[in-house]
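Asks: Quick one: this structure, given as structure tokens, is what I'll be asking you about.
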Amino acid sequence: MSNEKIAMRVSINTIIWNVILTVFKAFAGILGHSTAMLADAAHSLSDILSTVVVMVGVKLAGKKADHDHKYGHERFECVAAIILSVMLLATGVFIGIAGIEQLTASNTEESFSPGLFALIGAIISIAAKEGMYWYTRAAAKKINSGALMADAWHHRSDALSSVGSFVGILGALLFGLNFLDSIAAIVICLFVAKVAFDIFRDAVGKMTDRACDEETVQKMRDVILAQEKVLGIDLLKTRLFGDRIYAEVEILVDGDSTLKDAHETAHVVHDAIEHEFVKIKHCTVHVNPS
């Protein structure tokens, strides 16, 4: 199954689950008299929009090179990841502001008095959204999708907001401590903001020709030097292009080699790199005489 099909299947499944969760949380909030659960329902509704953004980004990134984009469209997925990071940050800020407003409420009438049904709803929401996080995260790691990984963290942010709801509802039911929900919301806000920043930084790095990590570069050097007739490496440069890699290599060969032999050596290096590194989109090999 292609990367695009995997991403689309995961996205459709999470949309279906989010629709179910949104309706369930809304009923739980109404029947359980919990404003926290109603806010949680709105959060799940935003997850549907974020997944649609992922689907559009992945679809555009999977398009083949054309006249206007001769190097392909992989960076569209980075654009989707950036949009999602902003949405994730906005979600975190929304949770934080709601927590601060509730924490600074001047009287208890502004706080919710939830019922047991709302508590059950929060528990189910935590389990479902955490499951969606791991499901989406596994697919994102499998196909190396920044946009899908951002969507996975959006699911986890929803799970964390449900944790805040659970703490607040439980505290209110057992001890009348409605402020626990507010404190949890503020902590969750900071966590979600950190995740949003990490996703944004990763996507921007992929759009600005950031080099591969040192471990990948070293493995690439080892593969090149392992090829027969390669005497050394004069240059090895890499750059990320969405979830793919471009590599530029200058190898040293015997200066007395014929042009045909030098060309064959370069071809062997090229094939070895593309075989060992599945993320390579294009590799250029230049030959220098030793």
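Identifiers for the structure tokens are assigned positionally: chains receive A, B, ... in sequence, residues are indexed from 1 per chain, and ligands are indexed from 1 in the order shown.
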Name the residues in contact with stretch 237-244 of chain A at a cut-off of 7 Å, using only C-alpha atoms, excluding same-chain residues fewer than 5 positions from it; report them as a PyMOL selection string.

Replies: chain A and resi 74-75+77-78+144-145+206-207+209-212+249+279-281

Asks: Name the residues in contact with A:Asn18 at a cut-off of 12 Å, using only C-alpha atoms, excluding same-chain residues fewer than 6 positions from it; report them as a compact mmCIF listing (two decimals) with N, CA, C and O atoms, in the first residue's frame.

Replies:
```
# COMPACT_ATOMS: atom_id res chain seq x y z
N SER A 11 -6.63 8.78 8.04
CA SER A 11 -7.36 10.04 8.19
C SER A 11 -8.87 9.83 8.16
O SER A 11 -9.61 10.41 8.97
N ILE A 12 -9.34 8.99 7.24
CA ILE A 12 -10.79 8.73 7.15
C ILE A 12 -11.28 8.05 8.43
O ILE A 12 -12.35 8.40 8.97
N PHE A 24 -20.95 12.30 21.07
CA PHE A 24 -21.00 11.69 22.40
C PHE A 24 -20.65 12.70 23.49
O PHE A 24 -21.32 12.80 24.52
N LYS A 25 -19.58 13.49 23.27
CA LYS A 25 -19.17 14.48 24.27
C LYS A 25 -20.22 15.57 24.45
O LYS A 25 -20.44 16.06 25.56
N ALA A 26 -20.85 15.95 23.34
CA ALA A 26 -21.89 16.98 23.44
C ALA A 26 -23.04 16.49 24.32
O ALA A 26 -23.53 17.22 25.20
N ASP A 40 -14.81 20.26 25.41
CA ASP A 40 -14.11 19.09 24.86
C ASP A 40 -14.73 18.66 23.53
O ASP A 40 -14.03 18.24 22.60
N ALA A 41 -16.04 18.74 23.43
CA ALA A 41 -16.74 18.39 22.19
C ALA A 41 -16.32 19.32 21.07
O ALA A 41 -16.10 18.89 19.93
N ALA A 42 -16.20 20.61 21.39
CA ALA A 42 -15.75 21.58 20.39
C ALA A 42 -14.33 21.28 19.94
O ALA A 42 -13.97 21.44 18.76
N HIS A 43 -13.50 20.82 20.88
CA HIS A 43 -12.12 20.45 20.55
C HIS A 43 -12.10 19.28 19.57
O HIS A 43 -11.34 19.28 18.60
N SER A 44 -12.91 18.27 19.80
CA SER A 44 -12.99 17.12 18.90
C SER A 44 -13.48 17.54 17.52
O SER A 44 -13.05 17.01 16.50
N LEU A 45 -14.37 18.52 17.49
CA LEU A 45 -14.86 19.04 16.21
C LEU A 45 -13.72 19.69 15.43
O LEU A 45 -13.61 19.53 14.21
N SER A 46 -12.81 20.38 16.14
CA SER A 46 -11.65 21.00 15.47
C SER A 46 -10.70 19.95 14.93
O SER A 46 -10.00 20.18 13.94
N ASP A 47 -10.66 18.77 15.57
CA ASP A 47 -9.81 17.68 15.09
C ASP A 47 -10.25 17.20 13.72
O ASP A 47 -9.42 16.75 12.92
N ILE A 48 -11.54 17.26 13.44
CA ILE A 48 -12.04 16.85 12.13
C ILE A 48 -11.46 17.77 11.06
O ILE A 48 -10.99 17.31 10.01
N LEU A 49 -11.45 19.07 11.33
CA LEU A 49 -10.89 20.03 10.39
C LEU A 49 -9.40 19.80 10.19
O LEU A 49 -8.89 19.85 9.06
N SER A 50 -8.68 19.52 11.28
CA SER A 50 -7.24 19.30 11.17
C SER A 50 -6.93 18.07 10.33
O SER A 50 -5.96 18.06 9.55
N THR A 51 -7.74 17.04 10.44
CA THR A 51 -7.53 15.83 9.65
C THR A 51 -7.79 16.09 8.17
O THR A 51 -7.10 15.54 7.30
N VAL A 52 -8.77 16.93 7.87
CA VAL A 52 -9.02 17.31 6.48
C VAL A 52 -7.81 18.04 5.90
O VAL A 52 -7.41 17.80 4.75
N SER A 125 -13.57 9.42 26.52
CA SER A 125 -12.88 10.33 25.61
C SER A 125 -11.36 10.17 25.70
O SER A 125 -10.66 10.12 24.68
N ALA A 128 -10.37 6.84 23.99
CA ALA A 128 -10.54 6.88 22.54
C ALA A 128 -9.49 7.77 21.87
O ALA A 128 -8.87 7.37 20.87
N LYS A 129 -9.27 8.96 22.42
CA LYS A 129 -8.32 9.89 21.79
C LYS A 129 -6.87 9.42 21.94
O LYS A 129 -6.05 9.61 21.05
N GLY A 131 -6.02 6.28 22.02
CA GLY A 131 -5.93 5.23 21.02
C GLY A 131 -5.73 5.79 19.62
O GLY A 131 -4.93 5.28 18.83
N MET A 132 -6.43 6.87 19.30
CA MET A 132 -6.28 7.52 18.00
C MET A 132 -4.89 8.11 17.83
O MET A 132 -4.32 8.11 16.73
N TYR A 133 -4.33 8.61 18.94
CA TYR A 133 -2.97 9.16 18.89
C TYR A 133 -1.97 8.08 18.49
O TYR A 133 -1.17 8.26 17.56
N HIS A 154 -2.38 16.30 17.65
CA HIS A 154 -3.66 16.99 17.84
C HIS A 154 -4.63 16.08 18.59
O HIS A 154 -5.38 16.52 19.46
N HIS A 155 -4.60 14.78 18.25
CA HIS A 155 -5.44 13.81 18.97
C HIS A 155 -5.02 13.74 20.44
O HIS A 155 -5.86 13.69 21.33
N ASP A 158 -6.25 16.55 22.48
CA ASP A 158 -7.66 16.34 22.83
C ASP A 158 -7.76 15.40 24.03
O ASP A 158 -8.57 15.61 24.94
N ALA A 159 -6.92 14.35 24.04
CA ALA A 159 -6.91 13.42 25.18
C ALA A 159 -6.51 14.15 26.45
O ALA A 159 -7.08 13.94 27.53
```

Asks: Name the residues in contact with A:Val268 at a cut-off of 12 Å, using only C-alpha atoms, excluding same-chain residues fewer than 6 positions from it; report them as a ChimeraX atom specification.

Replies: /A:223-230,251,261-262,274-275,283-285,287

Asks: Within stretch 49-224 of chain A, find each residue whose DSSP state, derived from the backbone, is helix (DSSP H, G or I), and express the selection as a ChimeraX atom specification.

Replies: /A:49-61,75-103,108-110,116-143,146-174,179-207,214-224

Asks: Go ahead and compute the interatomic distance for atom CA of A:Met149 and atom CA of A:Ile245, in Å to one decimal.

Replies: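 Atom CA of A:Ile245 lies 18.4 Å from atom CA of A:Met149.
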
Asks: A:Val58: which residues within 9 Å, counting only C-alpha atoms, same-chain residues fewer than 6 positions away excluded, as a list in words?

Replies: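 Here the qualifying residues turn out to be Asn3, Glu4, Ala7, Met8, Glu74, Phe76, Glu77, Ala80, Ser145, Ala147 and Leu148 of chain A.
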
Asks: So the first atom is atom CA of A:Ile124 and the second is atom CA of A:Phe197; what is the distance between them in Å, to one decimal place?

Replies: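 Taking atom CA of A:Ile124 as the start and atom CA of A:Phe197 as the end point, the length is 28.5 Å.
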